[in-house]
>>> print(open('structure13.pdb').read())   # PDB, C-alpha atoms, pLDDT in the B column
MODEL        1
ATOM      1  CA  MET N   1      15.489  14.538  -2.244  1.00 93.00           C
ATOM      2  CA  LYS N   2      18.896  15.294  -0.829  1.00 95.00           C
ATOM      3  CA  LEU N   3      22.074  13.330  -1.406  1.00 97.00           C
ATOM      4  CA  LEU N   4      25.072  13.653   0.883  1.00 96.00           C
ATOM      5  CA  ALA N   5      28.277  11.668   0.734  1.00 96.00           C
ATOM      6  CA  LYS N   6      30.914  10.837   3.315  1.00 95.00           C
ATOM      7  CA  HIS N   7      34.227   9.174   2.601  1.00 93.00           C
ATOM      8  CA  THR N   8      35.742   7.499   5.667  1.00 93.00           C
ATOM      9  CA  ASN N   9      38.820   5.290   5.339  1.00 88.00           C
ATOM     10  CA  ASP N  10      37.958   2.833   2.564  1.00 93.00           C
ATOM     11  CA  THR N  11      34.190   3.322   2.700  1.00 96.00           C
ATOM     12  CA  LEU N  12      32.006   5.705   0.758  1.00 97.00           C
ATOM     13  CA  THR N  13      28.619   6.297   2.342  1.00 97.00           C
ATOM     14  CA  ILE N  14      25.839   7.917   0.317  1.00 97.00           C
ATOM     15  CA  PHE N  15      22.998   9.305   2.421  1.00 98.00           C
ATOM     16  CA  LEU N  16      19.605   9.810   0.780  1.00 98.00           C
ATOM     17  CA  GLU N  17      17.076  12.069   2.471  1.00 98.00           C
ATOM     18  CA  GLY N  18      13.449  12.390   1.414  1.00 98.00           C
ATOM     19  CA  GLU N  19      11.469  10.327  -1.086  1.00 98.00           C
ATOM     20  CA  LEU N  20      12.996   8.376  -3.971  1.00 97.00           C
ATOM     21  CA  ASP N  21      10.760   8.037  -7.015  1.00 96.00           C
ATOM     22  CA  ASP N  22      10.819   8.711 -10.740  1.00 94.00           C
ATOM     23  CA  SER N  23      10.912  12.477 -10.203  1.00 96.00           C
ATOM     24  CA  CYS N  24      14.404  12.417  -8.718  1.00 96.00           C
ATOM     25  CA  VAL N  25      15.934   9.062  -9.654  1.00 96.00           C
ATOM     26  CA  ASP N  26      17.906  10.419 -12.623  1.00 94.00           C
ATOM     27  CA  GLU N  27      19.594  13.014 -10.435  1.00 96.00           C
ATOM     28  CA  ILE N  28      20.427  10.432  -7.769  1.00 96.00           C
ATOM     29  CA  ARG N  29      21.771   8.051 -10.394  1.00 95.00           C
ATOM     30  CA  GLU N  30      24.022  10.726 -11.926  1.00 95.00           C
ATOM     31  CA  LYS N  31      25.336  11.917  -8.579  1.00 96.00           C
ATOM     32  CA  SER N  32      25.977   8.333  -7.467  1.00 95.00           C
ATOM     33  CA  GLU N  33      27.833   7.636 -10.714  1.00 94.00           C
ATOM     34  CA  GLN N  34      30.006  10.714 -10.288  1.00 95.00           C
ATOM     35  CA  LEU N  35      30.862   9.709  -6.717  1.00 94.00           C
ATOM     36  CA  ILE N  36      31.677   6.137  -7.694  1.00 92.00           C
ATOM     37  CA  ASN N  37      33.834   7.287 -10.606  1.00 92.00           C
ATOM     38  CA  LYS N  38      35.766   9.646  -8.323  1.00 92.00           C
ATOM     39  CA  ASN N  39      36.261   6.965  -5.672  1.00 89.00           C
ATOM     40  CA  LYS N  40      37.026   3.721  -7.489  1.00 86.00           C
ATOM     41  CA  HIS N  41      39.660   2.796  -4.916  1.00 91.00           C
ATOM     42  CA  ILE N  42      37.104   2.314  -2.118  1.00 94.00           C
ATOM     43  CA  GLN N  43      36.557  -1.091  -0.550  1.00 95.00           C
ATOM     44  CA  HIS N  44      32.867  -0.648   0.242  1.00 96.00           C
ATOM     45  CA  LEU N  45      29.894   1.510  -0.732  1.00 97.00           C
ATOM     46  CA  ILE N  46      27.008   2.021   1.665  1.00 97.00           C
ATOM     47  CA  TYR N  47      23.678   3.609   0.809  1.00 98.00           C
ATOM     48  CA  ASP N  48      22.418   4.915   4.154  1.00 98.00           C
ATOM     49  CA  PHE N  49      18.628   5.151   4.097  1.00 98.00           C
ATOM     50  CA  SER N  50      18.094   6.417   7.677  1.00 98.00           C
ATOM     51  CA  LYS N  51      16.387   9.539   6.338  1.00 98.00           C
ATOM     52  CA  LEU N  52      14.808   8.020   3.249  1.00 98.00           C
ATOM     53  CA  THR N  53      11.081   8.169   3.959  1.00 98.00           C
ATOM     54  CA  PHE N  54       9.741   6.493   0.804  1.00 98.00           C
ATOM     55  CA  MET N  55      10.950   4.490  -2.184  1.00 98.00           C
ATOM     56  CA  ASP N  56       9.123   2.728  -5.011  1.00 96.00           C
ATOM     57  CA  SER N  57      10.454   0.303  -7.630  1.00 94.00           C
ATOM     58  CA  THR N  58      12.088   3.178  -9.528  1.00 94.00           C
ATOM     59  CA  GLY N  59      14.659   3.195  -6.751  1.00 95.00           C
ATOM     60  CA  ILE N  60      15.154  -0.550  -7.139  1.00 94.00           C
ATOM     61  CA  GLY N  61      16.164  -0.076 -10.777  1.00 91.00           C
ATOM     62  CA  MET N  62      18.666   2.592  -9.792  1.00 94.00           C
ATOM     63  CA  LEU N  63      20.148   0.493  -6.979  1.00 95.00           C
ATOM     64  CA  LEU N  64      20.456  -2.550  -9.213  1.00 93.00           C
ATOM     65  CA  GLY N  65      22.285  -0.459 -11.799  1.00 92.00           C
ATOM     66  CA  ARG N  66      24.746   0.778  -9.187  1.00 94.00           C
ATOM     67  CA  TYR N  67      25.193  -2.727  -7.790  1.00 94.00           C
ATOM     68  CA  ASN N  68      26.047  -4.096 -11.240  1.00 92.00           C
ATOM     69  CA  LYS N  69      28.579  -1.349 -11.853  1.00 92.00           C
ATOM     70  CA  LEU N  70      30.177  -1.851  -8.438  1.00 94.00           C
ATOM     71  CA  LYS N  71      30.300  -5.609  -8.985  1.00 93.00           C
ATOM     72  CA  LYS N  72      32.474  -5.026 -12.071  1.00 93.00           C
ATOM     73  CA  LEU N  73      34.746  -2.868  -9.904  1.00 92.00           C
ATOM     74  CA  LYS N  74      34.693  -5.594  -7.222  1.00 94.00           C
ATOM     75  CA  ILE N  75      33.293  -3.167  -4.648  1.00 94.00           C
ATOM     76  CA  PRO N  76      30.625  -4.604  -2.336  1.00 95.00           C
ATOM     77  CA  MET N  77      27.478  -2.574  -1.716  1.00 96.00           C
ATOM     78  CA  THR N  78      25.313  -2.386   1.387  1.00 97.00           C
ATOM     79  CA  ILE N  79      21.964  -0.754   1.997  1.00 98.00           C
ATOM     80  CA  ALA N  80      21.778   0.449   5.582  1.00 97.00           C
ATOM     81  CA  ASN N  81      18.867   1.445   7.819  1.00 98.00           C
ATOM     82  CA  PRO N  82      15.907   1.214   5.455  1.00 98.00           C
ATOM     83  CA  ASN N  83      12.560   2.018   7.090  1.00 98.00           C
ATOM     84  CA  LYS N  84       9.684  -0.501   6.982  1.00 97.00           C
ATOM     85  CA  GLN N  85       8.181   0.771   3.732  1.00 98.00           C
ATOM     86  CA  VAL N  86      11.535   0.832   1.919  1.00 98.00           C
ATOM     87  CA  LEU N  87      12.491  -2.575   3.290  1.00 97.00           C
ATOM     88  CA  LYS N  88       9.180  -4.032   2.120  1.00 97.00           C
ATOM     89  CA  VAL N  89       9.797  -2.786  -1.425  1.00 97.00           C
ATOM     90  CA  ILE N  90      13.334  -4.232  -1.326  1.00 96.00           C
ATOM     91  CA  MET N  91      12.044  -7.613  -0.120  1.00 95.00           C
ATOM     92  CA  ILE N  92       9.176  -7.834  -2.627  1.00 95.00           C
ATOM     93  CA  THR N  93      11.505  -7.170  -5.545  1.00 92.00           C
ATOM     94  CA  GLY N  94      14.047  -9.711  -4.301  1.00 91.00           C
ATOM     95  CA  LEU N  95      16.836  -7.148  -4.139  1.00 92.00           C
ATOM     96  CA  SER N  96      17.600  -8.419  -0.635  1.00 92.00           C
ATOM     97  CA  GLU N  97      18.726 -11.704  -2.224  1.00 92.00           C
ATOM     98  CA  ILE N  98      21.679 -10.025  -3.910  1.00 92.00           C
ATOM     99  CA  ILE N  99      22.474  -6.874  -1.976  1.00 94.00           C
ATOM    100  CA  ASN N 100      23.484  -6.860   1.669  1.00 94.00           C
ATOM    101  CA  ILE N 101      20.901  -5.115   3.847  1.00 96.00           C
ATOM    102  CA  LYS N 102      21.983  -3.885   7.267  1.00 93.00           C
TER     103      LYS N 102
ATOM    104  CA  MET J   1     -22.534  -2.021  -3.780  1.00 83.00           C
ATOM    105  CA  GLU J   2     -22.513   1.752  -3.356  1.00 91.00           C
ATOM    106  CA  PRO J   3     -19.327   3.309  -1.999  1.00 94.00           C
ATOM    107  CA  LEU J   4     -19.354   5.213   1.278  1.00 95.00           C
ATOM    108  CA  ASN J   5     -17.218   7.941  -0.208  1.00 97.00           C
ATOM    109  CA  CYS J   6     -15.526   8.853  -3.484  1.00 98.00           C
ATOM    110  CA  MET J   7     -12.744  11.145  -4.670  1.00 98.00           C
ATOM    111  CA  LYS J   8     -11.566  11.982  -8.181  1.00 98.00           C
ATOM    112  CA  LEU J   9      -8.225  13.453  -9.084  1.00 98.00           C
ATOM    113  CA  GLU J  10      -6.956  14.543 -12.476  1.00 98.00           C
ATOM    114  CA  ILE J  11      -3.265  15.305 -12.776  1.00 98.00           C
ATOM    115  CA  SER J  12      -0.831  16.101 -15.541  1.00 97.00           C
ATOM    116  CA  ALA J  13       1.505  13.236 -16.328  1.00 97.00           C
ATOM    117  CA  LYS J  14       4.466  14.890 -14.640  1.00 96.00           C
ATOM    118  CA  SER J  15       6.716  12.895 -12.361  1.00 95.00           C
ATOM    119  CA  SER J  16       6.610  15.790  -9.910  1.00 96.00           C
ATOM    120  CA  ASN J  17       2.935  14.861  -9.389  1.00 97.00           C
ATOM    121  CA  GLU J  18       3.707  11.333  -8.245  1.00 97.00           C
ATOM    122  CA  ALA J  19       4.200  12.315  -4.611  1.00 97.00           C
ATOM    123  CA  PHE J  20       1.051  14.453  -4.676  1.00 98.00           C
ATOM    124  CA  ALA J  21      -1.031  11.591  -6.146  1.00 98.00           C
ATOM    125  CA  ARG J  22       0.149   8.950  -3.675  1.00 97.00           C
ATOM    126  CA  SER J  23      -0.165  11.284  -0.681  1.00 98.00           C
ATOM    127  CA  THR J  24      -3.661  12.402  -1.696  1.00 98.00           C
ATOM    128  CA  VAL J  25      -4.991   8.875  -2.131  1.00 98.00           C
ATOM    129  CA  ALA J  26      -3.309   7.854   1.134  1.00 97.00           C
ATOM    130  CA  ALA J  27      -4.867  10.817   2.929  1.00 98.00           C
ATOM    131  CA  PHE J  28      -8.298   9.902   1.589  1.00 98.00           C
ATOM    132  CA  SER J  29      -7.808   6.281   2.698  1.00 97.00           C
ATOM    133  CA  MET J  30      -7.386   7.503   6.306  1.00 96.00           C
ATOM    134  CA  LEU J  31     -11.184   7.633   6.533  1.00 95.00           C
ATOM    135  CA  LEU J  32     -11.095   3.822   6.800  1.00 95.00           C
ATOM    136  CA  ASN J  33      -8.591   3.922   9.702  1.00 95.00           C
ATOM    137  CA  PRO J  34      -5.907   1.888   7.980  1.00 96.00           C
ATOM    138  CA  THR J  35      -2.727   0.796   9.726  1.00 96.00           C
ATOM    139  CA  LEU J  36       0.516   2.570   8.872  1.00 96.00           C
ATOM    140  CA  GLU J  37       1.557  -0.428   6.825  1.00 97.00           C
ATOM    141  CA  GLU J  38      -1.698  -0.339   4.843  1.00 97.00           C
ATOM    142  CA  ILE J  39      -1.246   3.378   4.177  1.00 97.00           C
ATOM    143  CA  ASN J  40       2.285   2.750   2.920  1.00 98.00           C
ATOM    144  CA  ASP J  41       1.091  -0.131   0.734  1.00 98.00           C
ATOM    145  CA  ILE J  42      -1.499   2.160  -0.865  1.00 98.00           C
ATOM    146  CA  LYS J  43       1.043   4.968  -1.334  1.00 98.00           C
ATOM    147  CA  THR J  44       3.487   2.614  -3.002  1.00 98.00           C
ATOM    148  CA  ALA J  45       0.885   0.998  -5.278  1.00 98.00           C
ATOM    149  CA  VAL J  46      -0.412   4.385  -6.436  1.00 98.00           C
ATOM    150  CA  SER J  47       3.157   5.544  -7.033  1.00 98.00           C
ATOM    151  CA  GLU J  48       3.843   2.498  -9.188  1.00 97.00           C
ATOM    152  CA  ALA J  49       0.651   2.893 -11.234  1.00 97.00           C
ATOM    153  CA  VAL J  50       1.102   6.631 -11.807  1.00 97.00           C
ATOM    154  CA  THR J  51       4.740   6.109 -12.778  1.00 95.00           C
ATOM    155  CA  ASN J  52       3.606   3.500 -15.309  1.00 94.00           C
ATOM    156  CA  CYS J  53       1.316   6.096 -16.888  1.00 95.00           C
ATOM    157  CA  ILE J  54       4.063   8.716 -17.082  1.00 95.00           C
ATOM    158  CA  ILE J  55       6.873   6.487 -18.330  1.00 91.00           C
ATOM    159  CA  HIS J  56       5.100   3.883 -20.416  1.00 90.00           C
ATOM    160  CA  ALA J  57       1.645   5.152 -21.354  1.00 92.00           C
ATOM    161  CA  TYR J  58       2.681   8.677 -22.232  1.00 93.00           C
ATOM    162  CA  GLU J  59       6.445   8.198 -22.633  1.00 90.00           C
ATOM    163  CA  GLY J  60       7.203  11.540 -21.066  1.00 85.00           C
ATOM    164  CA  ARG J  61       4.436  13.637 -22.686  1.00 91.00           C
ATOM    165  CA  ASP J  62       3.828  15.478 -19.461  1.00 90.00           C
ATOM    166  CA  MET J  63       0.802  17.562 -20.376  1.00 94.00           C
ATOM    167  CA  GLU J  64      -1.354  14.472 -20.892  1.00 96.00           C
ATOM    168  CA  THR J  65      -3.693  13.596 -18.038  1.00 97.00           C
ATOM    169  CA  ILE J  66      -3.982  10.784 -15.562  1.00 98.00           C
ATOM    170  CA  ASN J  67      -7.311  10.211 -13.845  1.00 98.00           C
ATOM    171  CA  ILE J  68      -7.441   8.687 -10.403  1.00 98.00           C
ATOM    172  CA  THR J  69     -10.751   7.682  -8.843  1.00 98.00           C
ATOM    173  CA  THR J  70     -10.755   6.418  -5.283  1.00 98.00           C
ATOM    174  CA  ARG J  71     -13.842   4.774  -3.782  1.00 98.00           C
ATOM    175  CA  LEU J  72     -14.150   3.801  -0.156  1.00 98.00           C
ATOM    176  CA  PHE J  73     -16.336   0.888   0.874  1.00 97.00           C
ATOM    177  CA  GLU J  74     -16.942  -0.393   4.373  1.00 93.00           C
ATOM    178  CA  ASP J  75     -13.750  -2.396   4.567  1.00 92.00           C
ATOM    179  CA  ASN J  76     -11.911  -1.788   1.357  1.00 96.00           C
ATOM    180  CA  ILE J  77     -10.535   0.899  -0.883  1.00 98.00           C
ATOM    181  CA  GLU J  78     -10.767   0.774  -4.658  1.00 98.00           C
ATOM    182  CA  ILE J  79      -8.397   2.865  -6.758  1.00 98.00           C
ATOM    183  CA  ILE J  80      -8.905   3.264 -10.484  1.00 98.00           C
ATOM    184  CA  ILE J  81      -6.075   4.845 -12.444  1.00 98.00           C
ATOM    185  CA  CYS J  82      -6.562   5.510 -16.118  1.00 97.00           C
ATOM    186  CA  ASP J  83      -4.721   7.060 -18.975  1.00 97.00           C
ATOM    187  CA  THR J  84      -5.287   7.540 -22.699  1.00 96.00           C
ATOM    188  CA  GLY J  85      -1.785   6.562 -23.656  1.00 95.00           C
ATOM    189  CA  LYS J  86      -0.275   3.965 -25.930  1.00 94.00           C
ATOM    190  CA  GLY J  87      -1.811   0.942 -24.241  1.00 94.00           C
ATOM    191  CA  ILE J  88      -0.318  -2.419 -23.377  1.00 92.00           C
ATOM    192  CA  VAL J  89       0.190  -4.902 -26.200  1.00 88.00           C
ATOM    193  CA  ASP J  90       0.455  -7.977 -23.978  1.00 87.00           C
ATOM    194  CA  ILE J  91      -0.950  -7.531 -20.470  1.00 85.00           C
ATOM    195  CA  ASP J  92       0.184 -10.960 -19.242  1.00 84.00           C
ATOM    196  CA  LYS J  93       3.741 -10.245 -20.302  1.00 81.00           C
ATOM    197  CA  ALA J  94       3.622  -6.769 -18.742  1.00 82.00           C
ATOM    198  CA  MET J  95       2.649  -8.336 -15.410  1.00 83.00           C
ATOM    199  CA  GLN J  96       5.731 -10.558 -15.346  1.00 78.00           C
ATOM    200  CA  PRO J  97       8.453  -9.498 -12.920  1.00 76.00           C
ATOM    201  CA  PHE J  98      11.430  -7.770 -14.563  1.00 72.00           C
ATOM    202  CA  TYR J  99       9.635  -7.417 -17.925  1.00 68.00           C
ATOM    203  CA  THR J 100       9.836  -3.874 -19.254  1.00 69.00           C
ATOM    204  CA  THR J 101       9.331  -2.239 -22.623  1.00 65.00           C
ATOM    205  CA  ALA J 102      11.390   0.793 -21.607  1.00 61.00           C
ATOM    206  CA  SER J 103      14.267   1.082 -24.033  1.00 55.00           C
ATOM    207  CA  SER J 104      16.687   3.007 -21.889  1.00 55.00           C
ATOM    208  CA  ASP J 105      17.423   3.822 -18.256  1.00 60.00           C
ATOM    209  CA  GLU J 106      17.453   1.284 -15.500  1.00 69.00           C
ATOM    210  CA  ARG J 107      13.846   0.169 -15.318  1.00 69.00           C
ATOM    211  CA  SER J 108      13.286  -2.684 -12.919  1.00 70.00           C
ATOM    212  CA  GLY J 109      10.090  -3.901 -14.603  1.00 78.00           C
ATOM    213  CA  MET J 110       8.594  -4.483 -11.153  1.00 85.00           C
ATOM    214  CA  GLY J 111       5.690  -2.012 -11.168  1.00 90.00           C
ATOM    215  CA  PHE J 112       2.859  -4.502 -11.583  1.00 92.00           C
ATOM    216  CA  THR J 113       4.624  -7.029  -9.349  1.00 92.00           C
ATOM    217  CA  MET J 114       4.699  -4.420  -6.582  1.00 95.00           C
ATOM    218  CA  ILE J 115       1.015  -3.568  -7.009  1.00 96.00           C
ATOM    219  CA  LYS J 116       0.007  -7.264  -6.947  1.00 96.00           C
ATOM    220  CA  ALA J 117       2.055  -7.842  -3.786  1.00 96.00           C
ATOM    221  CA  LEU J 118       0.690  -4.822  -1.936  1.00 97.00           C
ATOM    222  CA  MET J 119      -2.955  -4.772  -2.951  1.00 98.00           C
ATOM    223  CA  SER J 120      -5.719  -7.370  -2.510  1.00 97.00           C
ATOM    224  CA  SER J 121      -6.653  -7.330  -6.182  1.00 97.00           C
ATOM    225  CA  LEU J 122      -5.479  -5.907  -9.486  1.00 97.00           C
ATOM    226  CA  HIS J 123      -7.321  -5.803 -12.790  1.00 96.00           C
ATOM    227  CA  VAL J 124      -5.879  -4.262 -15.941  1.00 96.00           C
ATOM    228  CA  GLU J 125      -7.771  -3.286 -19.064  1.00 96.00           C
ATOM    229  CA  SER J 126      -5.963  -1.862 -22.057  1.00 95.00           C
ATOM    230  CA  ALA J 127      -6.265  -1.189 -25.758  1.00 95.00           C
ATOM    231  CA  VAL J 128      -3.360  -0.242 -27.990  1.00 94.00           C
ATOM    232  CA  ASN J 129      -3.312   3.507 -28.715  1.00 94.00           C
ATOM    233  CA  LYS J 130      -6.457   3.981 -26.643  1.00 95.00           C
ATOM    234  CA  GLY J 131      -5.205   3.750 -23.091  1.00 96.00           C
ATOM    235  CA  THR J 132      -5.051   1.671 -19.955  1.00 96.00           C
ATOM    236  CA  THR J 133      -7.213   1.389 -16.858  1.00 97.00           C
ATOM    237  CA  ILE J 134      -5.891  -0.171 -13.682  1.00 97.00           C
ATOM    238  CA  ILE J 135      -8.397  -1.150 -11.018  1.00 98.00           C
ATOM    239  CA  MET J 136      -6.838  -2.119  -7.729  1.00 98.00           C
ATOM    240  CA  SER J 137      -8.359  -2.652  -4.361  1.00 98.00           C
ATOM    241  CA  LYS J 138      -7.178  -3.345  -0.867  1.00 98.00           C
ATOM    242  CA  ILE J 139      -9.076  -4.776   2.054  1.00 97.00           C
ATOM    243  CA  ILE J 140      -8.525  -2.549   5.030  1.00 95.00           C
ATOM    244  CA  ASN J 141      -8.551  -4.097   8.484  1.00 81.00           C
ATOM    245  CA  SER J 142      -9.525  -1.194  10.664  1.00 61.00           C
ATOM    246  CA  GLU J 143      -7.487  -0.501  13.773  1.00 55.00           C
ATOM    247  CA  GLU J 144      -9.628  -1.041  16.853  1.00 50.00           C
TER     248      GLU J 144
ENDMDL
END
>>> encode(input="structure13.pdb", output="structure tokens")
Amino acid sequence: MKLLAKHTNDTLTIFLEGELDDSCVDEIREKSEQLINKNKHIQHLIYDFSKLTFMDSTGIGMLLGRYNKLKKLKIPMTIANPNKQVLKVIMITGLSEIINIK
Amino acid sequence: MEPLNCMKLEISAKSSNEAFARSTVAAFSMLLNPTLEEINDIKTAVSEAVTNCIIHAYEGRDMETINITTRLFEDNIEIIICDTGKGIVDIDKAMQPFYTTASSDERSGMGFTMIKALMSSLHVESAVNKGTTIIMSKIINSEE
């Protein structure tokens, strides 16, 4: 699992590449936290899942945690370009009801 | 009914084995000519069940073992995942969405919910301090 970040204007985009499961979720959570803490002035955070090939509900827990933190900072969060498998997991867990999916 | 084919896998309860377990069961399921969506459903369900064993059954004791038996029938796949971990005190409660006994981290409590949504059937047997067996199956509609 690779994590890359890009800061453009007021938006921080976090790109995840590979498979997101319990084996790497702690690392992704920590790196996301560090990026959010360094960039609290942003207006928007996007998780770009174009190269995320698989995610199970472990990822949902991590995303929900980030969403709750960002909500306190009043920063909206978007999940962009999930593939069919990832989108299905997001829909089943109801995460799509609270987080914007693009 | 006798299965057409059977595969058994025994893995250490390491999270680094989750991808191996789900990919192996998915690869074996190919013999039934599943659709891509069906393959992904199986991969995800196996991932959820194996993660449950690692996180909840064994609570990180990664040299314990998880046994996965996969049986193929004419139009369905049966996957049995068992551990000898701490067991589930209240199975009905465990099956509820968002319920988790994990004390820390950000656990969504959606493992069983995911398996129920993706598979055709799910049966859970458990005894405290003895272990848990999950039997799940999925009807596979072969691609013509």
>>> closest_residue(input="structure13.pdb", among="J:Arg22, J:Lys93, J:Lys138, J:Lys86", to="chain N", atoms="all atoms listed in the file")
J:Arg22
>>> interface_residues(input="structure13.pdb", of="chain N", to="chain J", cutoff="7 Å", atoms="all atoms listed in the file", output="JSON, numbers by chain")
{"N": [22, 23, 56, 57, 58, 60, 61, 62, 65, 85, 92, 93]}
>>> resolve_selection(input="structure13.pdb", expression="the PyMOL selection byres ((chain J and resi 120) around 12)", output="CSV table (one decimal) with C-alpha atoms, keeping the file's coordinate frame")
chain,number,residue,atom,x,y,z
J,38,GLU,CA,-1.7,-0.3,4.8
J,41,ASP,CA,1.1,-0.1,0.7
J,42,ILE,CA,-1.5,2.2,-0.9
J,45,ALA,CA,0.9,1.0,-5.3
J,75,ASP,CA,-13.8,-2.4,4.6
J,76,ASN,CA,-11.9,-1.8,1.4
J,77,ILE,CA,-10.5,0.9,-0.9
J,78,GLU,CA,-10.8,0.8,-4.7
J,79,ILE,CA,-8.4,2.9,-6.8
J,114,MET,CA,4.7,-4.4,-6.6
J,115,ILE,CA,1.0,-3.6,-7.0
J,116,LYS,CA,0.0,-7.3,-6.9
J,117,ALA,CA,2.1,-7.8,-3.8
J,118,LEU,CA,0.7,-4.8,-1.9
J,119,MET,CA,-3.0,-4.8,-3.0
J,121,SER,CA,-6.7,-7.3,-6.2
J,122,LEU,CA,-5.5,-5.9,-9.5
J,123,HIS,CA,-7.3,-5.8,-12.8
J,135,ILE,CA,-8.4,-1.2,-11.0
J,136,MET,CA,-6.8,-2.1,-7.7
J,137,SER,CA,-8.4,-2.7,-4.4
J,138,LYS,CA,-7.2,-3.3,-0.9
J,139,ILE,CA,-9.1,-4.8,2.1
J,140,ILE,CA,-8.5,-2.5,5.0
J,141,ASN,CA,-8.6,-4.1,8.5
>>> resolve_selection(input="structure13.pdb", expression="the PyMOL selection byres ((chain N and resi 100) around 6)", output="PyMOL selection string")
chain N and resi 78+99+101
>>> write_last_selection(input="structure13.pdb", atoms="C-alpha atoms", output="JSON list (two decimals), keeping the file's coordinate frame")
[["chain", "number", "residue", "atom", "x", "y", "z"],
["N", 78, "THR", "CA", 25.31, -2.39, 1.39],
["N", 99, "ILE", "CA", 22.47, -6.87, -1.98],
["N", 101, "ILE", "CA", 20.90, -5.12, 3.85]]
>>> resolve_selection(input="structure13.pdb", expression="the PyMOL selection byres ((chain J and resi 81) around 9)", output="list in words")
Val46, Ala49, Val50, Cys53, Ile66, Asn67, Ile68, Thr69, Thr70, Ile79, Ile80, Cys82, Asp83, Thr132, Thr133, Ile134, Ile135 and Met136 of chain J
>>> write_last_selection(input="structure13.pdb", atoms="C-alpha atoms", output="PDB file, keeping the file's coordinate frame")
ATOM      1  CA  VAL J  46      -0.412   4.385  -6.436  1.00 98.00           C
ATOM      2  CA  ALA J  49       0.651   2.893 -11.234  1.00 97.00           C
ATOM      3  CA  VAL J  50       1.102   6.631 -11.807  1.00 97.00           C
ATOM      4  CA  CYS J  53       1.316   6.096 -16.888  1.00 95.00           C
ATOM      5  CA  ILE J  66      -3.982  10.784 -15.562  1.00 98.00           C
ATOM      6  CA  ASN J  67      -7.311  10.211 -13.845  1.00 98.00           C
ATOM      7  CA  ILE J  68      -7.441   8.687 -10.403  1.00 98.00           C
ATOM      8  CA  THR J  69     -10.751   7.682  -8.843  1.00 98.00           C
ATOM      9  CA  THR J  70     -10.755   6.418  -5.283  1.00 98.00           C
ATOM     10  CA  ILE J  79      -8.397   2.865  -6.758  1.00 98.00           C
ATOM     11  CA  ILE J  80      -8.905   3.264 -10.484  1.00 98.00           C
ATOM     12  CA  CYS J  82      -6.562   5.510 -16.118  1.00 97.00           C
ATOM     13  CA  ASP J  83      -4.721   7.060 -18.975  1.00 97.00           C
ATOM     14  CA  THR J 132      -5.051   1.671 -19.955  1.00 96.00           C
ATOM     15  CA  THR J 133      -7.213   1.389 -16.858  1.00 97.00           C
ATOM     16  CA  ILE J 134      -5.891  -0.171 -13.682  1.00 97.00           C
ATOM     17  CA  ILE J 135      -8.397  -1.150 -11.018  1.00 98.00           C
ATOM     18  CA  MET J 136      -6.838  -2.119  -7.729  1.00 98.00           C
TER      19      MET J 136
END
>>> atom_distance(input="structure13.pdb", atom1="atom CA of Ala13 of chain J", atom2="atom CA of Gly60 of chain J")
7.6 Å
>>> atom_distance(input="structure13.pdb", atom1="atom CA of Pro34 of chain J", atom2="atom CA of Leu16 of chain N")
27.7 Å
>>> axis_aligned_box(input="structure13.pdb", around="segment 73-87 of chain N", padding_each_side="4 Å", output="AutoDock Vina command-line options")
--center_x 21.5 --center_y -1.8 --center_z -1.0 --size_x 34.6 --size_y 15.6 --size_z 25.7
>>> residues_around(input="structure13.pdb", residues="Leu20 of chain N", least_positions_apart="2", cutoff="7 Å", atoms="all atoms listed in the file", output="ChimeraX atom specification")
/N:1,18,24-25,54-56,59
>>> atom_distance(input="structure13.pdb", atom1="atom CA of Met91 of chain N", atom2="atom CA of Leu32 of chain J")
26.7 Å
>>> closest_residue(input="structure13.pdb", among="J:Asn5, J:Asn33, J:Asn129, J:Ser12", to="Val89 of chain J", atoms="only C-alpha atoms")
J:Asn129
>>> residues_around(input="structure13.pdb", residues="Tyr67 of chain N", least_positions_apart="3", cutoff="10 Å", atoms="all atoms listed in the file", output="short mmCIF file (atom, residue, chain, number, x, y, z; two decimals) with C-alpha atoms, keeping the file's coordinate frame")
data_model
loop_
_atom_site.label_atom_id
_atom_site.label_comp_id
_atom_site.auth_asym_id
_atom_site.auth_seq_id
_atom_site.Cartn_x
_atom_site.Cartn_y
_atom_site.Cartn_z
CA LEU N 45 29.89 1.51 -0.73
CA GLY N 61 16.16 -0.08 -10.78
CA MET N 62 18.67 2.59 -9.79
CA LEU N 63 20.15 0.49 -6.98
CA LEU N 64 20.46 -2.55 -9.21
CA LEU N 70 30.18 -1.85 -8.44
CA LYS N 71 30.30 -5.61 -8.98
CA LYS N 72 32.47 -5.03 -12.07
CA LEU N 73 34.75 -2.87 -9.90
CA LYS N 74 34.69 -5.59 -7.22
CA ILE N 75 33.29 -3.17 -4.65
CA PRO N 76 30.62 -4.60 -2.34
CA MET N 77 27.48 -2.57 -1.72
CA THR N 78 25.31 -2.39 1.39
CA ILE N 98 21.68 -10.02 -3.91
CA ILE N 99 22.47 -6.87 -1.98
#
>>> residues_near_point(input="structure13.pdb", point="(19.8, 4.3, 7.3)", cutoff="7 Å", atoms="all atoms listed in the file", output="ChimeraX atom specification")
/N:48-51,80-82
>>> residues_around(input="structure13.pdb", residues="Ser32 of chain N", least_positions_apart="6", cutoff="10 Å", atoms="all atoms listed in the file", output="PyMOL selection string")
chain N and resi 3-5+14+26+38+47+62-63+66
>>> closest_residue(input="structure13.pdb", among="N:Asn39, N:Asn83, N:Gln34, N:Asn68", to="Glu17 of chain N", atoms="all atoms listed in the file")
N:Asn83
